[in-house]
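A.B. asks: After the structure tokens below, expect a handful of questions from me.
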Amino acid sequence: MNLIYNSEHYSVVEFRAEAGLEAMRFGGYEILDKPARREIFLAGELAETFRQHVRELSARQPTEEEIDEFLDSYSPLMAQPVIVQ
């Protein structure tokens, strides 16, 4: 597990690929929308697609606002509420 991005609005944690686990063949990413208190876990081909988009975005040396805007595009998929006890 590796924290790869953290801003006021989002955190992204990368999980490394695991041999023998089909769902984790490409690794995975957890994206946390802090203000909305929701998260999503991306695995499999969706994780690979996310990784490719992140590489493309990183090549342009984006601002924090551009990264947050990119992560916001995943917001409609975030259905899991974050509950802190």
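We label chains A, B, ... in the order they appear in the structure tokens, count residues from 1 in each chain, and number ligands from 1 in the order shown.
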Extract the full set of helix (DSSP H, G or I) residues from stretch 2-80 of chain A according to DSSP on the backbone, and format it as a ChimeraX atom specification.
C.D. replies: /A:22-24,44-59,64-72,75-77
A.B. asks: Hey, what's within 9 Å of A:Val54 if we count only C-alpha atoms and toss same-chain stuff fewer than 5 positions away? As an NGL selection string, please?
C.D. replies: :A and (49 or 59 or 67 or 70)
A.B. asks: List as a list in words the protein and nucleic acid residues near A:Glu65, meaning an atom at most 12 Å away when only C-alpha atoms are counted, but skip any in the same chain fewer than 5 places from it.
C.D. replies: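 Here the qualifying residues turn out to be Asn6, Ser7, Glu8, His9, Tyr10, Phe70, Leu71 and Asp72 of chain A.
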A.B. asks: Could you please take those selected residues and save C-alpha atoms as a JSON list (two decimals), in the first residue's frame?
C.D. replies:
```
[["chain", "number", "residue", "atom", "x", "y", "z"],
["A", 6, "ASN", "CA", -3.03, 13.65, -1.11],
["A", 7, "SER", "CA", -4.73, 17.02, -1.36],
["A", 8, "GLU", "CA", -7.39, 18.88, 0.56],
["A", 9, "HIS", "CA", -10.03, 17.13, -1.56],
["A", 10, "TYR", "CA", -8.66, 13.69, -2.50],
["A", 70, "PHE", "CA", -9.33, 14.39, -13.02],
["A", 71, "LEU", "CA", -10.15, 12.51, -9.80],
["A", 72, "ASP", "CA", -13.54, 14.23, -9.68]]
```
A.B. asks: One decimal, Å: what's the distance from atom CA of A:Gln80 over to atom CA of A:Glu64, could you say?
C.D. replies: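 Taking atom CA of A:Gln80 as the start and atom CA of A:Glu64 as the end point, the length is 24.1 Å.
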A.B. asks: What gap, in Å, lies between atom CA of A:Leu57 and atom CA of A:Ala17?
C.D. replies: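 A separation of 21.5 Å between them.
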A.B. asks: Which of chain A end up as strand (DSSP E) when DSSP is run on this backbone - answer as a ChimeraX atom specification?
C.D. replies: /A:2-6,10-15,28-33,38-43,80-81
A.B. asks: Just want the 10 Å neighbourhood of A:Glu48, counted on only C-alpha atoms, with same-chain residues fewer than 4 positions away dropped. Output as a list in words.
C.D. replies: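 Answer for this query is Arg25, Phe26, Gly27, Gly28, Tyr29, Leu42, Ala43, Gly44, Gln52, His53 and Val54 of chain A.
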A.B. asks: Could you save those same residues with N, CA and C atoms as a tab-separated table (two decimals), in the first residue's frame?
C.D. replies:
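The resulting file, part.tsv, is shown below:
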```
chain	number	residue	atom	x	y	z
A	25	ARG	N	-4.63	-8.48	-10.39
A	25	ARG	CA	-3.61	-8.70	-11.42
A	25	ARG	C	-2.93	-7.40	-11.84
A	26	PHE	N	-3.69	-6.31	-11.89
A	26	PHE	CA	-3.15	-5.00	-12.27
A	26	PHE	C	-2.91	-4.12	-11.04
A	27	GLY	N	-3.07	-4.67	-9.86
A	27	GLY	CA	-2.99	-3.85	-8.66
A	27	GLY	C	-4.33	-3.16	-8.46
A	28	GLY	N	-4.34	-2.17	-7.62
A	28	GLY	CA	-5.59	-1.46	-7.37
A	28	GLY	C	-5.34	-0.08	-6.82
A	29	TYR	N	-6.39	0.71	-6.82
A	29	TYR	CA	-6.32	2.08	-6.31
A	29	TYR	C	-7.57	2.38	-5.51
A	42	LEU	N	-10.60	0.75	-7.22
A	42	LEU	CA	-10.47	0.34	-8.61
A	42	LEU	C	-9.53	-0.85	-8.68
A	43	ALA	N	-9.99	-1.92	-9.34
A	43	ALA	CA	-9.16	-3.12	-9.50
A	43	ALA	C	-9.31	-3.60	-10.94
A	44	GLY	N	-8.49	-4.57	-11.29
A	44	GLY	CA	-8.58	-5.19	-12.61
A	44	GLY	C	-8.30	-4.21	-13.74
A	52	GLN	N	-2.97	4.24	-16.61
A	52	GLN	CA	-2.59	4.85	-17.89
A	52	GLN	C	-2.96	6.32	-17.93
A	53	HIS	N	-4.16	6.65	-17.45
A	53	HIS	CA	-4.58	8.05	-17.43
A	53	HIS	C	-3.71	8.89	-16.49
A	54	VAL	N	-3.33	8.31	-15.38
A	54	VAL	CA	-2.45	9.02	-14.44
A	54	VAL	C	-1.09	9.28	-15.08
```
A.B. asks: Counting only C-alpha atoms, figure out which residue out of A:Met78, A:Ile31, A:Glu66, A:Leu3 gets nearest to A:Ala47.
C.D. replies: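 Among A:Met78, A:Ile31, A:Glu66, A:Leu3, it is A:Ile31 that comes nearest to A:Ala47.
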A.B. asks: When distances are computed from only C-alpha atoms, which of A:Arg16, A:Asp33, A:Pro81, A:Arg51 shows the smallest separation from A:Glu69?
C.D. replies: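 Among the listed residues, A:Asp33 lies closest to A:Glu69.
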A.B. asks: When you draw a straight line from atom CA of A:Arg60 to atom CA of A:Ser73, how long is it in Å?
C.D. replies: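 These atoms are spaced 18.0 Å apart.
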